[in-house]
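Dumped final_24.cif below, it's mmCIF, C-alpha atoms and all ligand atoms:
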```cif
data_protein
#
loop_
_atom_site.group_PDB
_atom_site.id
_atom_site.type_symbol
_atom_site.label_atom_id
_atom_site.label_comp_id
_atom_site.auth_asym_id
_atom_site.auth_seq_id
_atom_site.Cartn_x
_atom_site.Cartn_y
_atom_site.Cartn_z
ATOM 1 C CA MET A 1 104.913 151.000 184.914
ATOM 2 C CA ILE A 2 103.523 153.043 187.801
ATOM 3 C CA LYS A 3 100.404 155.209 187.577
ATOM 4 C CA ILE A 4 99.637 157.857 190.203
ATOM 5 C CA PHE A 5 96.540 160.029 190.580
ATOM 6 C CA ALA A 6 96.484 163.289 192.587
ATOM 7 C CA PRO A 7 93.127 164.900 193.447
ATOM 8 C CA ALA A 8 91.888 168.479 193.071
ATOM 9 C CA SER A 9 91.778 170.683 196.140
ATOM 10 C CA ILE A 10 90.194 173.849 197.491
ATOM 11 C CA GLY A 11 92.933 176.186 198.732
ATOM 12 C CA ASN A 12 92.251 178.678 201.564
ATOM 13 C CA VAL A 13 88.815 177.108 202.329
ATOM 14 C CA GLY A 14 87.603 180.697 202.708
ATOM 15 C CA VAL A 15 89.051 181.139 206.177
ATOM 16 C CA GLY A 16 92.711 180.069 206.066
ATOM 17 C CA PHE A 17 94.528 182.035 203.383
ATOM 18 C CA ASP A 18 97.544 179.982 202.260
ATOM 19 C CA ILE A 19 97.354 177.671 205.304
ATOM 20 C CA LEU A 20 94.169 175.626 204.912
ATOM 21 C CA GLY A 21 93.278 173.325 202.028
ATOM 22 C CA VAL A 22 91.003 170.369 201.407
ATOM 23 C CA ALA A 23 91.243 167.545 198.858
ATOM 24 C CA ILE A 24 87.974 166.763 197.072
ATOM 25 C CA SER A 25 86.430 164.038 194.901
ATOM 26 C CA PRO A 26 83.115 164.144 193.030
ATOM 27 C CA ILE A 27 80.438 161.973 194.665
ATOM 28 C CA ASP A 28 79.459 160.556 191.251
ATOM 29 C CA GLY A 29 82.790 158.699 191.044
ATOM 30 C CA ASN A 30 84.342 160.928 188.361
ATOM 31 C CA LEU A 31 88.067 161.508 188.821
ATOM 32 C CA LEU A 32 88.830 165.197 189.375
ATOM 33 C CA GLY A 33 92.623 165.514 189.268
ATOM 34 C CA ASP A 34 95.688 164.690 187.171
ATOM 35 C CA SER A 35 97.465 161.391 186.718
ATOM 36 C CA ILE A 36 100.995 160.376 185.782
ATOM 37 C CA GLU A 37 102.297 157.181 184.256
ATOM 38 C CA ILE A 38 106.012 156.549 184.572
ATOM 39 C CA MET A 39 108.240 153.854 183.096
ATOM 40 C CA SER A 40 111.925 153.347 182.389
ATOM 41 C CA SER A 41 113.386 154.687 179.159
ATOM 42 C CA ASN A 42 116.734 155.513 177.545
ATOM 43 C CA GLN A 43 116.222 159.221 178.047
ATOM 44 C CA PHE A 44 113.676 161.652 179.542
ATOM 45 C CA HIS A 45 110.523 161.677 177.496
ATOM 46 C CA LEU A 46 107.231 163.485 178.230
ATOM 47 C CA ILE A 47 103.851 162.902 176.633
ATOM 48 C CA ASN A 48 100.938 165.190 177.476
ATOM 49 C CA LYS A 49 97.411 163.934 177.048
ATOM 50 C CA GLY A 50 94.012 164.529 178.649
ATOM 51 C CA LYS A 51 91.244 167.101 178.277
ATOM 52 C CA PHE A 52 93.433 170.120 179.102
ATOM 53 C CA ALA A 53 96.749 168.989 177.544
ATOM 54 C CA ASN A 54 96.382 171.708 174.887
ATOM 55 C CA GLU A 55 96.697 174.366 177.624
ATOM 56 C CA LEU A 56 100.221 173.197 178.537
ATOM 57 C CA PRO A 57 103.336 175.018 177.289
ATOM 58 C CA SER A 58 104.688 173.594 174.028
ATOM 59 C CA ASP A 59 108.256 173.836 175.350
ATOM 60 C CA ASN A 60 108.561 170.761 177.587
ATOM 61 C CA LYS A 61 111.147 172.488 179.787
ATOM 62 C CA LYS A 62 108.427 174.917 180.830
ATOM 63 C CA ASN A 63 106.176 171.995 181.747
ATOM 64 C CA ILE A 64 105.908 171.527 185.499
ATOM 65 C CA ILE A 65 106.514 167.804 185.073
ATOM 66 C CA TRP A 66 109.912 168.387 183.454
ATOM 67 C CA GLN A 67 110.713 170.857 186.237
ATOM 68 C CA SER A 68 109.608 168.344 188.895
ATOM 69 C CA TRP A 69 111.729 165.602 187.331
ATOM 70 C CA ASN A 70 114.731 167.921 187.010
ATOM 71 C CA TYR A 71 114.452 169.066 190.643
ATOM 72 C CA PHE A 72 113.889 165.525 191.911
ATOM 73 C CA CYS A 73 117.015 164.233 190.092
ATOM 74 C CA LYS A 74 119.075 167.066 191.588
ATOM 75 C CA ILE A 75 117.866 166.292 195.106
ATOM 76 C CA ILE A 76 118.570 162.574 194.882
ATOM 77 C CA LYS A 77 121.809 163.330 192.957
ATOM 78 C CA LYS A 78 121.005 160.827 190.240
ATOM 79 C CA ASP A 79 119.856 161.123 186.668
ATOM 80 C CA ILE A 80 116.804 158.929 186.051
ATOM 81 C CA PRO A 81 115.883 158.462 182.403
ATOM 82 C CA VAL A 82 112.129 157.887 182.353
ATOM 83 C CA SER A 83 109.178 158.136 180.053
ATOM 84 C CA ILE A 84 106.317 160.061 181.660
ATOM 85 C CA THR A 85 102.756 160.465 180.447
ATOM 86 C CA LEU A 86 100.828 163.308 182.048
ATOM 87 C CA GLU A 87 97.065 163.076 181.848
ATOM 88 C CA LYS A 88 96.091 166.731 182.292
ATOM 89 C CA ASN A 89 92.454 166.539 183.349
ATOM 90 C CA MET A 90 92.488 169.755 185.364
ATOM 91 C CA PRO A 91 92.047 173.177 183.761
ATOM 92 C CA ILE A 92 95.038 175.458 184.367
ATOM 93 C CA GLY A 93 94.393 178.576 186.466
ATOM 94 C CA SER A 94 91.074 177.258 187.731
ATOM 95 C CA GLY A 95 91.543 177.662 191.492
ATOM 96 C CA LEU A 96 91.273 173.909 192.031
ATOM 97 C CA GLY A 97 94.976 173.245 192.535
ATOM 98 C CA SER A 98 95.658 172.221 188.944
ATOM 99 C CA SER A 99 99.426 172.773 189.139
ATOM 100 C CA ALA A 100 99.500 171.011 192.509
ATOM 101 C CA CYS A 101 97.781 167.952 190.971
ATOM 102 C CA SER A 102 100.543 167.676 188.346
ATOM 103 C CA ILE A 103 103.393 168.354 190.785
ATOM 104 C CA VAL A 104 102.068 165.909 193.384
ATOM 105 C CA ALA A 105 101.287 163.109 190.913
ATOM 106 C CA GLY A 106 104.656 163.663 189.202
ATOM 107 C CA LEU A 107 106.789 163.652 192.331
ATOM 108 C CA VAL A 108 104.960 160.755 193.990
ATOM 109 C CA ALA A 109 105.368 158.743 190.763
ATOM 110 C CA MET A 110 109.110 159.530 190.561
ATOM 111 C CA ASN A 111 109.611 158.714 194.232
ATOM 112 C CA GLU A 112 107.767 155.381 193.862
ATOM 113 C CA PHE A 113 109.705 154.607 190.684
ATOM 114 C CA CYS A 114 113.008 155.118 192.534
ATOM 115 C CA ASN A 115 111.896 153.069 195.601
ATOM 116 C CA LYS A 116 111.082 156.071 197.791
ATOM 117 C CA PRO A 117 114.400 157.856 198.362
ATOM 118 C CA LEU A 118 112.507 160.871 199.792
ATOM 119 C CA ASN A 119 110.285 160.738 202.888
ATOM 120 C CA THR A 120 106.872 162.463 203.121
ATOM 121 C CA SER A 121 108.273 165.638 204.602
ATOM 122 C CA LYS A 122 111.071 166.041 202.019
ATOM 123 C CA LEU A 123 108.669 165.328 199.180
ATOM 124 C CA LEU A 124 106.136 167.867 200.472
ATOM 125 C CA ASN A 125 108.888 170.438 200.851
ATOM 126 C CA LEU A 126 109.857 169.902 197.214
ATOM 127 C CA MET A 127 106.213 170.158 196.105
ATOM 128 C CA GLY A 128 105.909 173.526 197.871
ATOM 129 C CA LYS A 129 109.054 174.848 196.171
ATOM 130 C CA LEU A 130 107.796 173.848 192.725
ATOM 131 C CA GLU A 131 104.391 175.386 193.431
ATOM 132 C CA GLY A 132 106.220 178.557 194.486
ATOM 133 C CA ASN A 133 108.083 178.662 191.140
ATOM 134 C CA ILE A 134 104.752 178.821 189.334
ATOM 135 C CA SER A 135 102.737 181.153 191.518
ATOM 136 C CA GLY A 136 105.408 183.550 192.708
ATOM 137 C CA SER A 137 105.569 182.426 196.359
ATOM 138 C CA ILE A 138 105.557 179.125 198.218
ATOM 139 C CA HIS A 139 102.170 178.015 199.519
ATOM 140 C CA TYR A 140 101.246 174.480 200.518
ATOM 141 C CA ASP A 141 97.460 174.752 200.718
ATOM 142 C CA ASN A 142 96.951 172.806 197.456
ATOM 143 C CA VAL A 143 99.954 170.451 197.375
ATOM 144 C CA ALA A 144 99.488 169.266 200.988
ATOM 145 C CA PRO A 145 95.843 168.129 200.639
ATOM 146 C CA SER A 146 96.417 166.777 197.130
ATOM 147 C CA TYR A 147 99.334 164.685 198.450
ATOM 148 C CA LEU A 148 98.070 163.720 201.901
ATOM 149 C CA GLY A 149 94.281 163.916 201.450
ATOM 150 C CA GLY A 150 91.727 165.412 203.857
ATOM 151 C CA LEU A 151 91.639 168.893 205.347
ATOM 152 C CA GLN A 152 95.189 170.112 205.924
ATOM 153 C CA LEU A 153 96.446 172.934 208.125
ATOM 154 C CA ILE A 154 99.881 174.219 207.137
ATOM 155 C CA ILE A 155 101.973 174.742 210.257
ATOM 156 C CA GLU A 156 105.614 174.734 209.034
ATOM 157 C CA GLU A 157 107.113 174.328 212.489
ATOM 158 C CA ASN A 158 109.296 171.639 214.114
ATOM 159 C CA ASN A 159 110.025 170.162 210.671
ATOM 160 C CA ILE A 160 106.324 169.484 210.165
ATOM 161 C CA ILE A 161 104.763 171.198 207.174
ATOM 162 C CA SER A 162 101.144 170.108 207.427
ATOM 163 C CA GLN A 163 98.717 168.466 209.860
ATOM 164 C CA SER A 164 95.311 166.872 209.286
ATOM 165 C CA ILE A 165 92.268 168.570 210.774
ATOM 166 C CA PRO A 166 88.991 166.714 211.542
ATOM 167 C CA ILE A 167 86.410 167.122 208.800
ATOM 168 C CA PHE A 168 82.609 167.306 208.862
ATOM 169 C CA LYS A 169 81.524 164.084 207.241
ATOM 170 C CA LYS A 170 78.084 165.379 206.207
ATOM 171 C CA TRP A 171 79.409 168.362 204.263
ATOM 172 C CA LEU A 172 79.017 168.356 200.514
ATOM 173 C CA TRP A 173 81.384 170.658 198.638
ATOM 174 C CA ILE A 174 79.975 172.106 195.423
ATOM 175 C CA VAL A 175 82.631 173.478 193.087
ATOM 176 C CA ALA A 176 81.839 175.508 189.974
ATOM 177 C CA TRP A 177 84.600 176.378 187.489
ATOM 178 C CA PRO A 178 83.182 178.962 185.057
ATOM 179 C CA GLY A 179 85.343 177.783 182.129
ATOM 180 C CA VAL A 180 87.785 180.720 182.189
ATOM 181 C CA ASN A 181 91.321 180.889 183.585
ATOM 182 C CA LEU A 182 92.854 183.163 186.162
ATOM 183 C CA SER A 183 96.585 183.234 186.857
ATOM 184 C CA THR A 184 97.427 182.546 190.502
ATOM 185 C CA GLU A 185 100.430 184.829 190.165
ATOM 186 C CA VAL A 186 98.193 187.704 189.032
ATOM 187 C CA SER A 187 95.565 187.153 191.712
ATOM 188 C CA ARG A 188 98.257 186.964 194.392
ATOM 189 C CA ALA A 189 99.999 190.106 193.149
ATOM 190 C CA LEU A 190 96.893 192.257 193.623
ATOM 191 C CA LEU A 191 96.550 191.500 197.344
ATOM 192 C CA PRO A 192 97.546 194.237 199.796
ATOM 193 C CA LYS A 193 101.045 194.112 201.240
ATOM 194 C CA LYS A 194 99.697 195.018 204.689
ATOM 195 C CA TYR A 195 96.433 194.564 206.596
ATOM 196 C CA THR A 196 95.012 196.599 209.454
ATOM 197 C CA LYS A 197 95.024 195.417 213.063
ATOM 198 C CA GLU A 198 91.222 194.992 212.904
ATOM 199 C CA ILE A 199 91.491 192.658 209.895
ATOM 200 C CA CYS A 200 94.272 190.664 211.609
ATOM 201 C CA ILE A 201 92.207 190.209 214.774
ATOM 202 C CA GLN A 202 89.065 189.256 212.860
ATOM 203 C CA HIS A 203 91.006 186.833 210.659
ATOM 204 C CA SER A 204 92.669 185.173 213.684
ATOM 205 C CA LYS A 205 89.268 184.812 215.347
ATOM 206 C CA ASN A 206 87.731 183.239 212.239
ATOM 207 C CA LEU A 207 90.540 180.749 211.674
ATOM 208 C CA ALA A 208 90.934 179.831 215.355
ATOM 209 C CA GLY A 209 87.140 179.524 215.641
ATOM 210 C CA PHE A 210 86.964 177.274 212.586
ATOM 211 C CA ILE A 211 89.721 174.960 213.865
ATOM 212 C CA HIS A 212 88.063 174.843 217.323
ATOM 213 C CA ALA A 213 84.701 174.016 215.723
ATOM 214 C CA SER A 214 86.379 171.244 213.689
ATOM 215 C CA TYR A 215 87.926 169.621 216.742
ATOM 216 C CA THR A 216 84.707 169.926 218.740
ATOM 217 C CA GLN A 217 82.615 168.857 215.705
ATOM 218 C CA GLN A 218 80.291 171.870 215.656
ATOM 219 C CA PRO A 219 79.427 172.227 211.941
ATOM 220 C CA ASN A 220 77.082 175.195 212.367
ATOM 221 C CA LEU A 221 79.722 177.115 214.276
ATOM 222 C CA ALA A 222 82.372 176.172 211.703
ATOM 223 C CA THR A 223 80.426 177.560 208.753
ATOM 224 C CA THR A 224 79.905 180.910 210.479
ATOM 225 C CA PHE A 225 83.697 181.291 210.498
ATOM 226 C CA ILE A 226 84.197 180.592 206.779
ATOM 227 C CA LYS A 227 84.607 184.254 205.914
ATOM 228 C CA ASP A 228 87.399 185.405 203.659
ATOM 229 C CA ILE A 229 88.417 188.911 204.635
ATOM 230 C CA ILE A 230 91.972 188.537 203.300
ATOM 231 C CA ALA A 231 91.638 187.655 199.607
ATOM 232 C CA GLU A 232 87.976 187.590 198.510
ATOM 233 C CA PRO A 233 87.266 191.339 198.845
ATOM 234 C CA HIS A 234 90.217 192.081 196.542
ATOM 235 C CA ARG A 235 89.743 189.247 194.080
ATOM 236 C CA ILE A 236 86.024 189.539 193.339
ATOM 237 C CA LYS A 237 86.723 192.199 190.742
ATOM 238 C CA LEU A 238 88.645 189.575 188.727
ATOM 239 C CA ILE A 239 85.764 187.087 188.826
ATOM 240 C CA PRO A 240 82.703 188.041 186.785
ATOM 241 C CA ASN A 241 79.400 187.177 188.473
ATOM 242 C CA PHE A 242 81.009 185.883 191.677
ATOM 243 C CA SER A 243 79.159 188.271 194.027
ATOM 244 C CA TYR A 244 75.836 187.635 192.288
ATOM 245 C CA ALA A 245 76.354 183.854 192.418
ATOM 246 C CA LYS A 246 77.459 183.893 196.067
ATOM 247 C CA LYS A 247 74.389 185.926 197.097
ATOM 248 C CA ASN A 248 72.054 183.523 195.303
ATOM 249 C CA VAL A 249 73.762 180.371 196.539
ATOM 250 C CA LEU A 250 73.548 181.590 200.154
ATOM 251 C CA GLU A 251 69.891 182.593 199.686
ATOM 252 C CA MET A 252 69.177 179.113 198.358
ATOM 253 C CA GLY A 253 70.443 177.697 201.662
ATOM 254 C CA ALA A 254 74.173 176.961 201.268
ATOM 255 C CA LEU A 255 75.964 177.092 204.635
ATOM 256 C CA SER A 256 79.014 178.849 203.168
ATOM 257 C CA CYS A 257 80.304 180.120 199.855
ATOM 258 C CA SER A 258 83.680 181.564 198.859
ATOM 259 C CA ILE A 259 86.422 181.525 196.210
ATOM 260 C CA SER A 260 88.308 178.260 195.765
ATOM 261 C CA GLY A 261 92.031 179.030 195.939
ATOM 262 C CA SER A 262 92.795 182.063 193.817
ATOM 263 C CA GLY A 263 89.670 181.558 191.698
ATOM 264 C CA PRO A 264 87.706 181.731 189.506
ATOM 265 C CA THR A 265 86.157 178.505 190.893
ATOM 266 C CA LEU A 266 83.447 179.139 193.460
ATOM 267 C CA PHE A 267 82.831 176.659 196.251
ATOM 268 C CA ALA A 268 79.759 176.244 198.415
ATOM 269 C CA ILE A 269 79.028 173.925 201.324
ATOM 270 C CA CYS A 270 75.731 172.259 202.237
ATOM 271 C CA GLU A 271 74.645 169.122 204.048
ATOM 272 C CA ASN A 272 71.631 168.102 202.030
ATOM 273 C CA ILE A 273 72.027 166.332 198.680
ATOM 274 C CA THR A 274 68.730 167.654 197.288
ATOM 275 C CA LEU A 275 69.835 171.204 198.029
ATOM 276 C CA ALA A 276 73.340 170.491 196.686
ATOM 277 C CA LYS A 277 71.828 169.331 193.391
ATOM 278 C CA LYS A 278 69.600 172.422 193.240
ATOM 279 C CA ILE A 279 72.598 174.704 193.831
ATOM 280 C CA ALA A 280 74.703 172.780 191.284
ATOM 281 C CA LYS A 281 71.949 173.194 188.704
ATOM 282 C CA TRP A 282 71.658 176.924 189.406
ATOM 283 C CA LEU A 283 75.442 177.397 189.140
ATOM 284 C CA THR A 284 75.551 175.440 185.889
ATOM 285 C CA LYS A 285 72.971 177.789 184.438
ATOM 286 C CA HIS A 286 74.171 181.097 185.909
ATOM 287 C CA TYR A 287 77.880 180.830 186.765
ATOM 288 C CA LEU A 288 79.401 178.904 183.889
ATOM 289 C CA GLN A 289 80.526 181.101 181.003
ATOM 290 C CA ASN A 290 81.011 178.436 178.347
ATOM 291 C CA LYS A 291 80.793 174.719 177.609
ATOM 292 C CA LYS A 292 84.248 174.013 179.081
ATOM 293 C CA GLY A 293 83.057 174.966 182.574
ATOM 294 C CA PHE A 294 81.848 172.373 185.061
ATOM 295 C CA VAL A 295 80.108 171.923 188.386
ATOM 296 C CA HIS A 296 80.756 168.973 190.724
ATOM 297 C CA ILE A 297 79.268 167.946 194.048
ATOM 298 C CA CYS A 298 82.140 166.526 196.089
ATOM 299 C CA ASN A 299 83.106 164.826 199.311
ATOM 300 C CA VAL A 300 86.421 165.254 201.050
ATOM 301 C CA ASN A 301 89.035 162.966 199.485
ATOM 302 C CA ASN A 302 90.773 161.426 202.487
ATOM 303 C CA VAL A 303 93.273 159.415 200.450
ATOM 304 C CA GLY A 304 95.253 162.050 198.559
ATOM 305 C CA ALA A 305 97.736 160.881 195.918
ATOM 306 C CA CYS A 306 97.454 157.159 195.210
ATOM 307 C CA LYS A 307 98.391 154.414 192.786
ATOM 308 C CA ILE A 308 95.699 153.622 190.249
ATOM 309 C CA GLY A 309 95.111 151.057 187.542
ATOM 310 C CA GLU A 310 96.718 148.074 189.276
HETATM 311 N N1 LIG B 401 96.435 180.175 198.741
HETATM 312 C C1 LIG B 401 96.647 180.363 197.360
HETATM 313 C C2 LIG B 401 96.072 181.712 196.937
HETATM 314 C C3 LIG B 401 95.973 179.263 196.600
HETATM 315 O O1 LIG B 401 94.943 182.000 197.318
HETATM 316 O O2 LIG B 401 96.748 182.470 196.253
HETATM 317 C C4 LIG B 401 96.211 179.313 195.133
HETATM 318 O O3 LIG B 401 95.458 178.291 194.509
#
```

Taking this structure as input, can you express it in the form of structure tokens?
Ligand code: HSE
Amino acid sequence: MIKIFAPASIGNVGVGFDILGVAISPIDGNLLGDSIEIMSSNQFHLINKGKFANELPSDNKKNIIWQSWNYFCKIIKKDIPVSITLEKNMPIGSGLGSSACSIVAGLVAMNEFCNKPLNTSKLLNLMGKLEGNISGSIHYDNVAPSYLGGLQLIIEENNIISQSIPIFKKWLWIVAWPGVNLSTEVSRALLPKKYTKEICIQHSKNLAGFIHASYTQQPNLATTFIKDIIAEPHRIKLIPNFSYAKKNVLEMGALSCSISGSGPTLFAICENITLAKKIAKWLTKHYLQNKKGFVHICNVNNVGACKIGE
């Protein structure tokens, strides 16, 4: 039996729409992500458990794990009868890379189970395709960090999909999921088809500036570039209280604040644990809409998908 865990991630990181993502783990040791157990069987069998298993489609063929298994078998040209248990700990449509967690854990588990027929690049390619089936278009900014860990820049050139970018070790990432779901497909569909030259120039400056600040380890400069002028202005109308929460979080002293992935999770960055706790407390009180919602203070997860329980 093999058990694989894949961590949650923040897509876009405010400044790199579709091409920047970071894997995160709560500092209190809680596991934020999905896990997969796989073992041999006479035929394909899928069991869903975990806090958010009831949000999964009842038809297993619509489950991303069945789709991952089906695709994987086609690629390796072999039918592998396995029994898979998905522990769905991530809320669906949260903006924390929930589908990516399942896809990554599922494919890494299958690849391990079959003695790694696919290399990192082929596996990541497959993860992107499956993510694209769910959200309407391929984007790697959740699957890449969830698989590889760290802060990932999607380059898709020279047969390389993603590259690691230096992180700021002191940064604490506060994530607040309000307890409601937002379809990635819907929040992608509402984005403009075209952007003006001014927006393109500003966006290039922000992303290039952020990457430069990362390589030269200038955290204050980096946070000034975390400005989302591509998605956030169009998506805030789908996220109740986001603007109010962002204003307050920044006034409290957060270095940056934006939408995690396609929302509705909000993320904020700060360097001081006392302030992080204060912000987390405020978000718990003012941003969560129900008891399902949660707030976590996180570090970057530099490991990505890994075996657990051995
Ligand atoms: N980059 C994607 C988007 C992430 O913003 O639509 C989805 O989680």

Could you pull out the residues sitting within 7 Å of ligand LIG 401 (chain B), using all atoms listed in the file, and write them as an mmCIF file with C-alpha atoms, keeping the file's coordinate frame?
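Resulting contents of result25.cif:
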```
data_model
loop_
_atom_site.group_PDB
_atom_site.id
_atom_site.type_symbol
_atom_site.label_atom_id
_atom_site.label_comp_id
_atom_site.auth_asym_id
_atom_site.auth_seq_id
_atom_site.Cartn_x
_atom_site.Cartn_y
_atom_site.Cartn_z
ATOM 1 C CA GLY A 11 92.933 176.186 198.732
ATOM 2 C CA ASN A 12 92.251 178.678 201.564
ATOM 3 C CA PHE A 17 94.528 182.035 203.383
ATOM 4 C CA ASP A 18 97.544 179.982 202.260
ATOM 5 C CA GLY A 95 91.543 177.662 191.492
ATOM 6 C CA LEU A 96 91.273 173.909 192.031
ATOM 7 C CA GLY A 97 94.976 173.245 192.535
ATOM 8 C CA HIS A 139 102.170 178.015 199.519
ATOM 9 C CA ASP A 141 97.460 174.752 200.718
ATOM 10 C CA ASN A 142 96.951 172.806 197.456
ATOM 11 C CA THR A 184 97.427 182.546 190.502
ATOM 12 C CA SER A 187 95.565 187.153 191.712
ATOM 13 C CA ARG A 188 98.257 186.964 194.392
ATOM 14 C CA ALA A 231 91.638 187.655 199.607
ATOM 15 C CA GLY A 261 92.031 179.030 195.939
ATOM 16 C CA SER A 262 92.795 182.063 193.817
#
```

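You can rank A:Phe72, A:Trp173, A:Glu157, A:Ile279 by their closest distance to Leu123 (chain A) using all atoms listed in the file, and at the top of that list sits A:Phe72.
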
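Nearest-residue note for Lys227 (chain A): choosing from A:Val249, A:Ile47, A:Ile211, A:Ile259, the minimum distance belongs to A:Ile259, counting all atoms listed in the file.
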
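For the set A:Ile2, A:Val180, A:Ser40, A:Pro145, the residue with the smallest atom-to-atom gap to Glu55 (chain A) is A:Val180, counting all atoms listed in the file.
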
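Among the candidate residues A:Lys3, A:Lys281, A:Lys129, A:Lys169, the one lying nearest to Asn111 (chain A) is A:Lys3, with distances computed using all atoms listed in the file.
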
Within 12 Å of Pro26 (chain A) using only C-alpha atoms, minus same-chain residues under 5 positions, as an mmCIF file with C-alpha atoms, in the coordinates of the input:
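Saved result, part.cif, follows:
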```cif
data_model
loop_
_atom_site.group_PDB
_atom_site.id
_atom_site.type_symbol
_atom_site.label_atom_id
_atom_site.label_comp_id
_atom_site.auth_asym_id
_atom_site.auth_seq_id
_atom_site.Cartn_x
_atom_site.Cartn_y
_atom_site.Cartn_z
ATOM 1 C CA PRO A 7 93.127 164.900 193.447
ATOM 2 C CA ALA A 8 91.888 168.479 193.071
ATOM 3 C CA SER A 9 91.778 170.683 196.140
ATOM 4 C CA LEU A 31 88.067 161.508 188.821
ATOM 5 C CA LEU A 32 88.830 165.197 189.375
ATOM 6 C CA GLY A 33 92.623 165.514 189.268
ATOM 7 C CA LEU A 172 79.017 168.356 200.514
ATOM 8 C CA TRP A 173 81.384 170.658 198.638
ATOM 9 C CA ILE A 174 79.975 172.106 195.423
ATOM 10 C CA VAL A 175 82.631 173.478 193.087
ATOM 11 C CA ALA A 176 81.839 175.508 189.974
ATOM 12 C CA PHE A 294 81.848 172.373 185.061
ATOM 13 C CA VAL A 295 80.108 171.923 188.386
ATOM 14 C CA HIS A 296 80.756 168.973 190.724
ATOM 15 C CA ILE A 297 79.268 167.946 194.048
ATOM 16 C CA CYS A 298 82.140 166.526 196.089
ATOM 17 C CA ASN A 299 83.106 164.826 199.311
ATOM 18 C CA VAL A 300 86.421 165.254 201.050
ATOM 19 C CA ASN A 301 89.035 162.966 199.485
#
```

statement: Glu156 (chain A) proximity check over A:Ile134, A:Leu207, A:Ser121, A:Lys246, using only C-alpha atoms: winner is A:Ser121

Completed region 180-192 of chain A (N, CA and C atoms) as a PDB file, in the frame of the given file:
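What ended up in part11.pdb:
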```
ATOM      1  N   VAL A 180      86.753 179.733 182.542  1.00  0.00           N
ATOM      2  CA  VAL A 180      87.785 180.720 182.189  1.00  0.00           C
ATOM      3  C   VAL A 180      88.949 180.575 183.177  1.00  0.00           C
ATOM      4  N   ASN A 181      90.115 181.080 182.772  1.00  0.00           N
ATOM      5  CA  ASN A 181      91.321 180.889 183.585  1.00  0.00           C
ATOM      6  C   ASN A 181      91.739 182.182 184.263  1.00  0.00           C
ATOM      7  N   LEU A 182      92.356 182.010 185.414  1.00  0.00           N
ATOM      8  CA  LEU A 182      92.854 183.163 186.162  1.00  0.00           C
ATOM      9  C   LEU A 182      94.232 182.774 186.707  1.00  0.00           C
ATOM     10  N   SER A 183      95.230 183.579 186.407  1.00  0.00           N
ATOM     11  CA  SER A 183      96.585 183.234 186.857  1.00  0.00           C
ATOM     12  C   SER A 183      96.711 183.452 188.360  1.00  0.00           C
ATOM     13  N   THR A 184      97.226 182.428 189.044  1.00  0.00           N
ATOM     14  CA  THR A 184      97.427 182.546 190.502  1.00  0.00           C
ATOM     15  C   THR A 184      98.405 183.679 190.796  1.00  0.00           C
ATOM     16  N   GLU A 185      99.425 183.785 189.957  1.00  0.00           N
ATOM     17  CA  GLU A 185     100.430 184.829 190.165  1.00  0.00           C
ATOM     18  C   GLU A 185      99.772 186.216 190.137  1.00  0.00           C
ATOM     19  N   VAL A 186      98.880 186.409 189.159  1.00  0.00           N
ATOM     20  CA  VAL A 186      98.193 187.704 189.032  1.00  0.00           C
ATOM     21  C   VAL A 186      97.283 187.931 190.235  1.00  0.00           C
ATOM     22  N   SER A 187      96.518 186.914 190.622  1.00  0.00           N
ATOM     23  CA  SER A 187      95.565 187.153 191.712  1.00  0.00           C
ATOM     24  C   SER A 187      96.252 187.193 193.083  1.00  0.00           C
ATOM     25  N   ARG A 188      97.500 186.769 193.149  1.00  0.00           N
ATOM     26  CA  ARG A 188      98.257 186.964 194.392  1.00  0.00           C
ATOM     27  C   ARG A 188      98.869 188.368 194.424  1.00  0.00           C
ATOM     28  N   ALA A 189      99.307 188.809 193.230  1.00  0.00           N
ATOM     29  CA  ALA A 189      99.999 190.106 193.149  1.00  0.00           C
ATOM     30  C   ALA A 189      99.077 191.267 193.540  1.00  0.00           C
ATOM     31  N   LEU A 190      97.767 191.110 193.348  1.00  0.00           N
ATOM     32  CA  LEU A 190      96.893 192.257 193.623  1.00  0.00           C
ATOM     33  C   LEU A 190      96.497 192.382 195.093  1.00  0.00           C
ATOM     34  N   LEU A 191      96.924 191.429 195.923  1.00  0.00           N
ATOM     35  CA  LEU A 191      96.550 191.500 197.344  1.00  0.00           C
ATOM     36  C   LEU A 191      97.374 192.571 198.052  1.00  0.00           C
ATOM     37  N   PRO A 192      96.789 193.198 199.081  1.00  0.00           N
ATOM     38  CA  PRO A 192      97.546 194.237 199.796  1.00  0.00           C
ATOM     39  C   PRO A 192      98.812 193.679 200.433  1.00  0.00           C
TER      40      PRO A 192
END
```
